[in-house]
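Q: Input: one structure, supplied below.
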Amino acid sequence: MFGSLKKRLQDAVKKVSKAISEEKPVEEPSREEIPLATEERRFAEEKIEIKKEISELKKESEDILQDFEAPVKDNDYARQDEEKYPLDELREKEKEIVEEKERLDRVLEQENIRVEVPPKEKKRFLGGLIKKAVEKSLDEKDVGKISKELHLTLLENDVALETADRITEELKKELVGKSVPRTKIEETIKDALKASMLGVLSQERIDIESLIEGRDGPFLVMFLGFNGTGKTTSLAKLASRLKDYRPVLAAGDTFRAASIEQLEEHGRRLGMKVVKHNYGSDSAAVIFDAMKHASAAGSKLVMADTAGRSHANVNLMDELKKICRVNNPDLKILVLDALTGNDIYDQVKLFNDAVGIDAIILSKADVYDKGGAALSAAHTSKKPILFLGTGQNYGDLKEFDPEEIVNNLLE
Ligand SMILES: Nc1nc2c(ncn2[C@@H]2O[C@H](COP(=O)(O)OP(=O)(O)OP(=O)(O)O)[C@@H](O)[C@H]2O)c(=O)[nH]1
Ligand SMILES: [Mg+2]
């Protein structure tokens with residue numbers, strides 16, 4: 001039943017996670033962020049200071065040398081100045097200046113040599129880089145891409161718009177701001193998607209058997225739905241499953257030709273009592289009779305068939321309300337044909353508004369590949385899907401397990 005949805009979801013998740021994980025891993029780091037850059041800048045500032053110092057020294061040495069050389073030309077001055085500047089001292093001073101100049105020149109020569117960053121600093125910096133390279137912080141933009149792709153995939157697979165919206169909203173909440181190892185992006189998206197789909201699918205569970213056990217008189221299960229969705233067949237399958245409670249079948253569809261015979265045939269095959277009236281008779285009365293019969297016979301279960309109906313059948317919708325008023329069913333099961341696709345939302349709304357439904361059986365899952373119907377049905381009704389109809393035999397009723405389905409979809 002979920003073949004197409006499974007394949008498309010898997011493809012979509014792969015596609016977006018690949019795109020995100022392959023994005024340029026590290027943005028060009030700003031100078032402020034990186035210790036190495038800070039170190040370089042500090043060095044550049046130092047260089048300017050050194051240059052200033054050199055030019056001052058040069059000027060100083062030129063002045064001194066000038067003073068020193070001048071008196072040589074003029075012996076009088078020389079003699080005078082020798083007193084002022086003792087020659088040895090001048091030579092010594094010149095040597096110092098030249099040495100200092102040479103030292104500063106050597107420092108300047110190293111201008112292109114990288115400043116050695118202390119190993120601890122370097123490690124911290126590299127650690128940051130590696131983290132950026134292997135981890136991806138999912139932002140609004142990334143998650144936007146993911147949810148857009150998945151939203152489309154869900155819609156293409158029959159998921160109702162409201163349901164697809166809800167799933168992708170949940171996904172966004174889960175993913176935005178999450179820091180994920182680049183190798184685990186796909187896994188993370190899958191997990192988030194699983195959680196949001198499970199949130200939609202997992203409605204309160206219903207255990208029919210314990211409900212039946214917990215009831216004093218006969219427990220009344222009523223089947224309702226559009227025309228031809230699989231009500232009568234699903235009723236027979238569930239009756240077969242619950243045969244130990246000796247169900248009494250009520251031929252509540254007094255409207256469609258051959259509906260009574262159809263139920264009688266199931267009763268014959270399953271060895272179960274069928275309570276029937278004539279065609280055109282009051283359906284509420286048939287079910288009421290079946291309840292009486294079950295009470296008298298000590299049966300714990302009545303399963304009532306009803307006619308298929310739609311918005312157009314105003315009388316039949318009123319009849320449904322009357323059946324419920326008169327018989328107050330314990331469990332109203334809406335049978336939905338999985339192939340219905342987008343109309344599921346309307347069908348759920350129609351029956352829920354009219355009489356309120358308690359649970360869903362999704363029939364024809366065996367001939368339906370898209371899978372989205374289940375998500376829409378559970379989400380729009382907020383009721384549990386009890387079973388999937390998986391064929392035309394009595395045994396073809398599979399318990400619906402949301403976790404199994406979601407895990408299978410995204411394994
Ligand atoms: N493949 C498949 N066919 C199903 C399933 N459930 C029902 N059908 C078939 O769907 C057709 C209609 O089934 P019914 O049980 O008569 O449907 P209904 O809702 O009672 O129909 P109406 O009483 O006319 O409204 C029949 O041919 C069934 O055999 C299912 O799970 N899988
Ligand atoms: Mg029927």
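Naming scheme: A, B, ... for chains in displayed order of the structure tokens; residues 1 onward per chain; ligands 1 onward as shown.
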Please check which protein, DNA or RNA residues sit within 10 Å of ligand 2, counting only C-alpha atoms and all ligand atoms, and write them as JSON, numbers by chain.

A: {"A": [223, 224, 225, 226, 227, 228, 229, 230, 231, 232, 233, 234, 235, 251, 252, 253, 254, 255, 256, 257, 258, 259, 260, 262, 263, 305, 306, 307, 308]}

Q: Restricting the output to N, CA and C atoms, write the selected residues as a short mmCIF file (atom, residue, chain, number, x, y, z; two decimals), in the first residue's frame.

A:
```cif
data_model
loop_
_atom_site.label_atom_id
_atom_site.label_comp_id
_atom_site.auth_asym_id
_atom_site.auth_seq_id
_atom_site.Cartn_x
_atom_site.Cartn_y
_atom_site.Cartn_z
N PHE A 223 -21.00 0.04 10.88
CA PHE A 223 -20.13 0.38 9.75
C PHE A 223 -20.79 1.44 8.90
N LEU A 224 -20.06 2.49 8.61
CA LEU A 224 -20.63 3.53 7.75
C LEU A 224 -19.61 4.03 6.75
N GLY A 225 -20.13 4.69 5.73
CA GLY A 225 -19.21 5.22 4.72
C GLY A 225 -19.90 5.49 3.40
N PHE A 226 -19.13 6.01 2.45
CA PHE A 226 -19.62 6.27 1.10
C PHE A 226 -20.02 4.95 0.41
N ASN A 227 -20.64 5.07 -0.76
CA ASN A 227 -21.01 3.89 -1.54
C ASN A 227 -19.77 3.10 -1.97
N GLY A 228 -19.86 1.83 -1.79
CA GLY A 228 -18.84 0.94 -2.35
C GLY A 228 -17.46 1.00 -1.73
N THR A 229 -17.34 1.58 -0.54
CA THR A 229 -15.99 1.70 0.03
C THR A 229 -15.47 0.38 0.61
N GLY A 230 -16.39 -0.55 0.86
CA GLY A 230 -15.94 -1.83 1.44
C GLY A 230 -16.52 -2.07 2.83
N LYS A 231 -17.65 -1.44 3.11
CA LYS A 231 -18.26 -1.58 4.44
C LYS A 231 -18.65 -3.04 4.73
N THR A 232 -19.44 -3.61 3.81
CA THR A 232 -19.97 -4.95 4.07
C THR A 232 -18.84 -5.98 4.15
N THR A 233 -17.88 -5.85 3.25
CA THR A 233 -16.75 -6.79 3.24
C THR A 233 -15.92 -6.64 4.52
N SER A 234 -15.69 -5.41 4.93
CA SER A 234 -14.89 -5.17 6.15
C SER A 234 -15.63 -5.71 7.37
N LEU A 235 -16.96 -5.52 7.37
CA LEU A 235 -17.78 -6.05 8.48
C LEU A 235 -17.59 -7.56 8.59
N ALA A 251 -28.60 -6.56 9.03
CA ALA A 251 -28.66 -6.12 7.63
C ALA A 251 -29.26 -4.72 7.56
N GLY A 252 -28.51 -3.76 8.04
CA GLY A 252 -29.00 -2.38 8.14
C GLY A 252 -29.03 -1.64 6.82
N ASP A 253 -28.42 -2.21 5.78
CA ASP A 253 -28.56 -1.57 4.45
C ASP A 253 -29.82 -2.13 3.82
N THR A 254 -30.90 -1.36 3.94
CA THR A 254 -32.17 -1.80 3.36
C THR A 254 -32.43 -1.05 2.06
N PHE A 255 -31.38 -0.40 1.59
CA PHE A 255 -31.54 0.54 0.46
C PHE A 255 -31.02 -0.04 -0.86
N ARG A 256 -29.75 -0.54 -0.85
CA ARG A 256 -29.16 -0.99 -2.13
C ARG A 256 -29.64 -2.40 -2.48
N ALA A 257 -29.93 -2.57 -3.75
CA ALA A 257 -30.37 -3.87 -4.24
C ALA A 257 -29.32 -4.93 -3.91
N ALA A 258 -29.78 -6.07 -3.45
CA ALA A 258 -28.93 -7.24 -3.17
C ALA A 258 -28.03 -7.08 -1.96
N SER A 259 -28.18 -5.97 -1.24
CA SER A 259 -27.30 -5.78 -0.07
C SER A 259 -27.60 -6.80 1.02
N ILE A 260 -28.91 -7.11 1.18
CA ILE A 260 -29.28 -8.06 2.24
C ILE A 260 -28.75 -9.45 1.91
N GLN A 262 -26.22 -10.14 0.11
CA GLN A 262 -24.76 -10.11 0.23
C GLN A 262 -24.36 -10.42 1.69
N LEU A 263 -25.08 -9.79 2.64
CA LEU A 263 -24.73 -10.01 4.05
C LEU A 263 -25.13 -11.43 4.47
N ASP A 305 -24.46 -3.49 9.41
CA ASP A 305 -24.15 -2.94 8.08
C ASP A 305 -25.08 -1.74 7.87
N THR A 306 -24.63 -0.77 7.11
CA THR A 306 -25.53 0.34 6.73
C THR A 306 -25.33 0.63 5.25
N ALA A 307 -26.28 1.39 4.69
CA ALA A 307 -26.20 1.71 3.26
C ALA A 307 -25.09 2.74 3.01
N GLY A 308 -24.50 2.64 1.82
CA GLY A 308 -23.53 3.66 1.42
C GLY A 308 -24.26 4.97 1.18
#
```

Q: Can you tell me, as number ranges by chain, what residues are no more than 7 Å from segment 148-158 of chain A when counting only C-alpha atoms, ignoring any on the same chain fewer than 3 positions away?

A: A: 5, 8-9, 12, 144-145, 161, 164, 168, 341-342, 370-373

Q: Go ahead and write the residues just picked, N, CA and C atoms, as a PDB file, in the first residue's frame.

A:
```
ATOM      1  N   LEU A   5       4.675   5.990  -1.965  1.00  0.00           N
ATOM      2  CA  LEU A   5       5.041   7.004  -0.976  1.00  0.00           C
ATOM      3  C   LEU A   5       6.431   6.711  -0.438  1.00  0.00           C
ATOM      4  N   ARG A   8       9.115   7.597  -3.073  1.00  0.00           N
ATOM      5  CA  ARG A   8       9.223   9.042  -3.276  1.00  0.00           C
ATOM      6  C   ARG A   8       9.785   9.757  -2.056  1.00  0.00           C
ATOM      7  N   LEU A   9       9.364   9.298  -0.872  1.00  0.00           N
ATOM      8  CA  LEU A   9       9.894   9.949   0.338  1.00  0.00           C
ATOM      9  C   LEU A   9      11.382   9.685   0.471  1.00  0.00           C
ATOM     10  N   ALA A  12      13.196  11.807  -1.976  1.00  0.00           N
ATOM     11  CA  ALA A  12      13.185  13.230  -1.603  1.00  0.00           C
ATOM     12  C   ALA A  12      14.155  13.486  -0.458  1.00  0.00           C
ATOM     13  N   GLY A 144      13.782  24.886   4.988  1.00  0.00           N
ATOM     14  CA  GLY A 144      12.809  25.296   3.984  1.00  0.00           C
ATOM     15  C   GLY A 144      12.898  24.399   2.754  1.00  0.00           C
ATOM     16  N   LYS A 145      14.138  24.132   2.329  1.00  0.00           N
ATOM     17  CA  LYS A 145      14.356  23.269   1.159  1.00  0.00           C
ATOM     18  C   LYS A 145      13.804  21.875   1.418  1.00  0.00           C
ATOM     19  N   LEU A 161      -3.801  18.368   1.767  1.00  0.00           N
ATOM     20  CA  LEU A 161      -2.996  19.582   1.967  1.00  0.00           C
ATOM     21  C   LEU A 161      -2.783  19.892   3.464  1.00  0.00           C
ATOM     22  N   ALA A 164      -0.321  17.463   4.907  1.00  0.00           N
ATOM     23  CA  ALA A 164       1.049  17.721   4.446  1.00  0.00           C
ATOM     24  C   ALA A 164       1.607  18.958   5.157  1.00  0.00           C
ATOM     25  N   THR A 168       4.940  18.951   7.604  1.00  0.00           N
ATOM     26  CA  THR A 168       6.131  19.759   7.335  1.00  0.00           C
ATOM     27  C   THR A 168       6.342  20.835   8.407  1.00  0.00           C
ATOM     28  N   GLY A 341      -8.306   8.850  -2.505  1.00  0.00           N
ATOM     29  CA  GLY A 341      -7.387   9.974  -2.696  1.00  0.00           C
ATOM     30  C   GLY A 341      -7.828  11.201  -1.922  1.00  0.00           C
ATOM     31  N   ASN A 342      -7.876  12.316  -2.641  1.00  0.00           N
ATOM     32  CA  ASN A 342      -8.104  13.591  -1.958  1.00  0.00           C
ATOM     33  C   ASN A 342      -9.485  13.780  -1.349  1.00  0.00           C
ATOM     34  N   LYS A 370      -0.113   4.511  -3.189  1.00  0.00           N
ATOM     35  CA  LYS A 370       0.411   5.813  -2.777  1.00  0.00           C
ATOM     36  C   LYS A 370       0.525   6.021  -1.268  1.00  0.00           C
ATOM     37  N   GLY A 371      -0.379   5.419  -0.535  1.00  0.00           N
ATOM     38  CA  GLY A 371      -0.213   5.443   0.922  1.00  0.00           C
ATOM     39  C   GLY A 371      -0.676   6.689   1.638  1.00  0.00           C
ATOM     40  N   GLY A 372      -0.794   7.788   0.904  1.00  0.00           N
ATOM     41  CA  GLY A 372      -1.112   9.055   1.567  1.00  0.00           C
ATOM     42  C   GLY A 372      -2.470   9.068   2.231  1.00  0.00           C
ATOM     43  N   ALA A 373      -3.385   8.240   1.739  1.00  0.00           N
ATOM     44  CA  ALA A 373      -4.745   8.216   2.281  1.00  0.00           C
ATOM     45  C   ALA A 373      -4.735   7.962   3.782  1.00  0.00           C
TER      46      ALA A 373
END
```

Q: Calculated over only C-alpha atoms, which of the candidates A:Leu334, A:Leu201, A:Val355, A:Met222 has the smallest distance to Pro384 of chain A?

A: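 Closest to Pro384 of chain A, using only C-alpha atoms: A:Leu201.
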
Q: Quick one: pull the distance between atom 32 (N, counted along the ligand's line) of ligand 1 and atom CA of Ala354 of chain A, Å, one decimal.

A: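 We find that atom 32 (N, counted along the ligand's line) of ligand 1 and atom CA of Ala354 of chain A lie 26.6 Å from each other.
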
Q: Given the choices A:Phe219, A:His293, A:Pro247, A:Glu169, which gets closest to Lys332 of chain A if the distance is worked out from only C-alpha atoms?

A: A:Phe219

Q: What separation in Å, quoted to one decimal, exists between atom 4 (C, counted along the ligand's line) of ligand 1 and atom CA of Asp396 of chain A?

A: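 Those two atoms sit 9.1 Å apart.
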
Q: Pick the closest to ligand 1 from A:Val326, A:Ala359, A:Met1, A:Arg182: which is it, counting only C-alpha atoms and all ligand atoms?

A: A:Met1

Q: Just the residues within 12 Å of Lys172 of chain A, please, counting only C-alpha atoms, with nothing from its chain fewer than 6 positions along; format it as a PyMOL selection string.

A: chain A and resi 138-148+150-151+165-166+178+189+192-193+195-196

Q: Keeping only C-alpha atoms, write those residues as a short mmCIF file (atom, residue, chain, number, x, y, z; two decimals), in the first residue's frame.

A:
```cif
data_model
loop_
_atom_site.label_atom_id
_atom_site.label_comp_id
_atom_site.auth_asym_id
_atom_site.auth_seq_id
_atom_site.Cartn_x
_atom_site.Cartn_y
_atom_site.Cartn_z
CA LEU A 138 20.39 23.46 9.86
CA ASP A 139 18.98 26.92 9.38
CA GLU A 140 15.59 28.15 8.13
CA LYS A 141 16.86 28.04 4.56
CA ASP A 142 18.02 24.42 4.71
CA VAL A 143 14.88 23.28 6.45
CA GLY A 144 12.81 25.30 3.98
CA LYS A 145 14.36 23.27 1.16
CA ILE A 146 13.66 20.02 2.96
CA SER A 147 10.08 20.79 3.82
CA LYS A 148 9.29 22.13 0.35
CA LEU A 150 8.74 16.68 1.19
CA HIS A 151 5.53 18.69 1.08
CA ASP A 165 1.17 21.20 6.04
CA ARG A 166 1.04 19.74 9.50
CA LYS A 178 19.75 21.60 14.92
CA ILE A 189 15.78 14.24 8.31
CA ALA A 192 12.35 14.02 12.12
CA LEU A 193 10.00 12.97 9.34
CA ALA A 195 8.37 11.61 14.28
CA SER A 196 6.10 14.06 12.50
#
```

Q: Excluding segment 361-364 of chain A and residues on its chain fewer than 4 positions from it, collect all residues at most 9 Å away from it, counting only C-alpha atoms, and give them as a ChimeraX atom specification.

A: /A:1,229-231,234,333-339,368,373-374,377,384-392,397,400

Q: In Å, rounded to a single decimal, give me how far atom 15 (O, counted along the ligand's line) of ligand 1 is from atom CA of Tyr245 of chain A.

A: 21.6 Å

Q: Using only C-alpha atoms and all ligand atoms, which of A:Asp282, A:Glu22, A:Asp216, A:Glu261 sits nearest ligand 1?

A: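 Closest residue, counting only C-alpha atoms and all ligand atoms: A:Glu261.
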
Q: Between A:Arg241, A:Ala236, A:Leu331, A:Val314, which residue has the minimum interatomic distance to ligand 1, considering only C-alpha atoms and all ligand atoms?

A: A:Ala236

Q: Excluding Arg325 of chain A and its own-chain neighbours fewer than 6 positions away, which residues fall within 12 Å of it when counting only C-alpha atoms? Please give them as JSON, numbers by chain.

A: {"A": [283, 284, 285, 287, 288, 318, 319, 354, 355, 356]}

Q: Taking only C-alpha atoms and all ligand atoms into account, which of A:Val159, A:Ile97, A:Val286, A:Ala304 comes nearest ligand 1?

A: A:Ala304

Q: I'd like the neighbourhood of Lys273 of chain A as a list in words, where a residue qualifies if any of its atoms comes within 8 Å (using only C-alpha atoms), though same-chain residues fewer than 5 positions away should be ignored.

A: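 Neighbouring residues, sequence-local ones excluded: Pro247, Val248, Leu249 and Gly267 of chain A.
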
Q: At a cut-off of 12 Å, using only C-alpha atoms, what residues contact Lys300 of chain A? Leave out same-chain residues fewer than 6 positions from it and give the result as an mmCIF file with C-alpha atoms, in the first residue's frame.

A:
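The resulting file, selection.cif, is reproduced below:
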```cif
data_model
loop_
_atom_site.group_PDB
_atom_site.id
_atom_site.type_symbol
_atom_site.label_atom_id
_atom_site.label_comp_id
_atom_site.auth_asym_id
_atom_site.auth_seq_id
_atom_site.Cartn_x
_atom_site.Cartn_y
_atom_site.Cartn_z
ATOM 1 C CA ILE A 208 -12.109 -3.653 20.488
ATOM 2 C CA GLU A 209 -11.839 -6.892 22.382
ATOM 3 C CA SER A 210 -11.408 -5.274 25.762
ATOM 4 C CA LEU A 211 -14.250 -2.891 24.961
ATOM 5 C CA ILE A 212 -16.500 -5.846 24.153
ATOM 6 C CA GLU A 213 -15.413 -7.655 27.307
ATOM 7 C CA GLY A 214 -16.059 -4.580 29.395
ATOM 8 C CA ARG A 215 -19.645 -4.240 28.213
ATOM 9 C CA ASP A 216 -22.568 -5.933 29.974
ATOM 10 C CA GLY A 217 -25.008 -6.289 27.095
ATOM 11 C CA PRO A 218 -24.138 -6.770 23.417
ATOM 12 C CA PHE A 219 -21.567 -4.380 22.025
ATOM 13 C CA LEU A 220 -22.764 -2.609 18.897
ATOM 14 C CA VAL A 221 -20.322 -1.922 16.094
ATOM 15 C CA ALA A 239 -16.809 -10.564 12.287
ATOM 16 C CA LEU A 242 -14.096 -11.709 16.376
ATOM 17 C CA LYS A 243 -16.050 -14.914 15.820
ATOM 18 C CA ASP A 244 -15.496 -16.040 19.412
ATOM 19 C CA TYR A 245 -17.954 -13.374 20.537
ATOM 20 C CA ARG A 246 -20.599 -15.034 18.320
ATOM 21 C CA PRO A 247 -21.468 -11.853 16.455
ATOM 22 C CA VAL A 248 -24.977 -11.217 15.195
ATOM 23 C CA LEU A 249 -24.984 -9.436 11.833
ATOM 24 C CA ALA A 290 -30.478 -7.447 16.114
ATOM 25 C CA MET A 291 -29.515 -6.059 19.511
ATOM 26 C CA LYS A 292 -32.574 -7.676 21.070
ATOM 27 C CA HIS A 293 -31.742 -10.956 19.394
ATOM 28 C CA ALA A 294 -28.132 -10.814 20.605
#
```

Q: Check segment 146-268 of chain A with DSSP on the backbone and list each residue it calls helix (DSSP H, G or I), as an MDAnalysis selection string.

A: chainID A and resid 146:156 161:175 182:201 208:213 231:241 243:245 259:268

Q: Would you put the residues from that selection into a file with C-alpha atoms, as a PDB file, in the first residue's frame?

A:
```pdb
ATOM      1  CA  ILE A 146      13.664  20.020   2.961  1.00  0.00           C
ATOM      2  CA  SER A 147      10.084  20.792   3.819  1.00  0.00           C
ATOM      3  CA  LYS A 148       9.285  22.127   0.347  1.00  0.00           C
ATOM      4  CA  GLU A 149      10.521  18.933  -1.281  1.00  0.00           C
ATOM      5  CA  LEU A 150       8.742  16.683   1.190  1.00  0.00           C
ATOM      6  CA  HIS A 151       5.533  18.692   1.078  1.00  0.00           C
ATOM      7  CA  LEU A 152       5.385  18.190  -2.666  1.00  0.00           C
ATOM      8  CA  THR A 153       6.123  14.499  -2.322  1.00  0.00           C
ATOM      9  CA  LEU A 154       3.348  14.091   0.210  1.00  0.00           C
ATOM     10  CA  LEU A 155       0.841  15.933  -1.962  1.00  0.00           C
ATOM     11  CA  GLU A 156       1.771  13.838  -4.973  1.00  0.00           C
ATOM     12  CA  LEU A 161      -2.996  19.582   1.967  1.00  0.00           C
ATOM     13  CA  GLU A 162      -3.787  20.165   5.662  1.00  0.00           C
ATOM     14  CA  THR A 163      -1.989  16.963   6.575  1.00  0.00           C
ATOM     15  CA  ALA A 164       1.049  17.721   4.446  1.00  0.00           C
ATOM     16  CA  ASP A 165       1.171  21.196   6.040  1.00  0.00           C
ATOM     17  CA  ARG A 166       1.038  19.737   9.504  1.00  0.00           C
ATOM     18  CA  ILE A 167       3.783  17.181   8.802  1.00  0.00           C
ATOM     19  CA  THR A 168       6.131  19.759   7.335  1.00  0.00           C
ATOM     20  CA  GLU A 169       5.412  22.246  10.134  1.00  0.00           C
ATOM     21  CA  GLU A 170       6.367  19.624  12.692  1.00  0.00           C
ATOM     22  CA  LEU A 171       9.452  18.835  10.663  1.00  0.00           C
ATOM     23  CA  LYS A 172      10.511  22.469  10.719  1.00  0.00           C
ATOM     24  CA  LYS A 173      10.057  22.702  14.474  1.00  0.00           C
ATOM     25  CA  GLU A 174      12.198  19.638  14.905  1.00  0.00           C
ATOM     26  CA  LEU A 175      15.000  20.586  12.521  1.00  0.00           C
ATOM     27  CA  ARG A 182      27.236  16.117   7.801  1.00  0.00           C
ATOM     28  CA  THR A 183      27.268  12.348   7.428  1.00  0.00           C
ATOM     29  CA  LYS A 184      24.052  12.087   9.406  1.00  0.00           C
ATOM     30  CA  ILE A 185      21.901  14.671   7.638  1.00  0.00           C
ATOM     31  CA  GLU A 186      19.827  12.063   5.833  1.00  0.00           C
ATOM     32  CA  GLU A 187      19.324  10.078   8.997  1.00  0.00           C
ATOM     33  CA  THR A 188      18.339  13.191  10.911  1.00  0.00           C
ATOM     34  CA  ILE A 189      15.780  14.244   8.313  1.00  0.00           C
ATOM     35  CA  LYS A 190      14.374  10.736   8.271  1.00  0.00           C
ATOM     36  CA  ASP A 191      14.057  10.642  12.039  1.00  0.00           C
ATOM     37  CA  ALA A 192      12.346  14.021  12.124  1.00  0.00           C
ATOM     38  CA  LEU A 193      10.003  12.970   9.338  1.00  0.00           C
ATOM     39  CA  LYS A 194       9.218   9.721  11.110  1.00  0.00           C
ATOM     40  CA  ALA A 195       8.372  11.611  14.275  1.00  0.00           C
ATOM     41  CA  SER A 196       6.097  14.063  12.502  1.00  0.00           C
ATOM     42  CA  MET A 197       4.316  11.357  10.489  1.00  0.00           C
ATOM     43  CA  LEU A 198       3.904   9.290  13.601  1.00  0.00           C
ATOM     44  CA  GLY A 199       2.399  12.319  15.308  1.00  0.00           C
ATOM     45  CA  VAL A 200      -0.208  12.418  12.570  1.00  0.00           C
ATOM     46  CA  LEU A 201      -0.869   8.677  12.410  1.00  0.00           C
ATOM     47  CA  ILE A 208     -12.109  -3.653  20.488  1.00  0.00           C
ATOM     48  CA  GLU A 209     -11.839  -6.892  22.382  1.00  0.00           C
ATOM     49  CA  SER A 210     -11.408  -5.274  25.762  1.00  0.00           C
ATOM     50  CA  LEU A 211     -14.250  -2.891  24.961  1.00  0.00           C
ATOM     51  CA  ILE A 212     -16.500  -5.846  24.153  1.00  0.00           C
ATOM     52  CA  GLU A 213     -15.413  -7.655  27.307  1.00  0.00           C
ATOM     53  CA  LYS A 231     -18.265  -1.584   4.441  1.00  0.00           C
ATOM     54  CA  THR A 232     -19.974  -4.955   4.068  1.00  0.00           C
ATOM     55  CA  THR A 233     -16.748  -6.789   3.239  1.00  0.00           C
ATOM     56  CA  SER A 234     -14.890  -5.174   6.152  1.00  0.00           C
ATOM     57  CA  LEU A 235     -17.782  -6.051   8.479  1.00  0.00           C
ATOM     58  CA  ALA A 236     -17.541  -9.681   7.445  1.00  0.00           C
ATOM     59  CA  LYS A 237     -13.751  -9.721   7.863  1.00  0.00           C
ATOM     60  CA  LEU A 238     -13.957  -8.218  11.347  1.00  0.00           C
ATOM     61  CA  ALA A 239     -16.809 -10.564  12.287  1.00  0.00           C
ATOM     62  CA  SER A 240     -14.634 -13.463  11.236  1.00  0.00           C
ATOM     63  CA  ARG A 241     -11.801 -12.143  13.370  1.00  0.00           C
ATOM     64  CA  LYS A 243     -16.050 -14.914  15.820  1.00  0.00           C
ATOM     65  CA  ASP A 244     -15.496 -16.040  19.412  1.00  0.00           C
ATOM     66  CA  TYR A 245     -17.954 -13.374  20.537  1.00  0.00           C
ATOM     67  CA  SER A 259     -27.296  -5.780  -0.068  1.00  0.00           C
ATOM     68  CA  ILE A 260     -29.284  -8.059   2.239  1.00  0.00           C
ATOM     69  CA  GLU A 261     -28.402 -11.170   0.211  1.00  0.00           C
ATOM     70  CA  GLN A 262     -24.755 -10.114   0.235  1.00  0.00           C
ATOM     71  CA  LEU A 263     -24.726 -10.009   4.050  1.00  0.00           C
ATOM     72  CA  GLU A 264     -26.704 -13.239   4.261  1.00  0.00           C
ATOM     73  CA  GLU A 265     -24.088 -14.940   2.118  1.00  0.00           C
ATOM     74  CA  HIS A 266     -21.359 -13.810   4.551  1.00  0.00           C
ATOM     75  CA  GLY A 267     -23.496 -15.025   7.464  1.00  0.00           C
ATOM     76  CA  ARG A 268     -23.879 -18.399   5.797  1.00  0.00           C
TER      77      ARG A 268
END
```
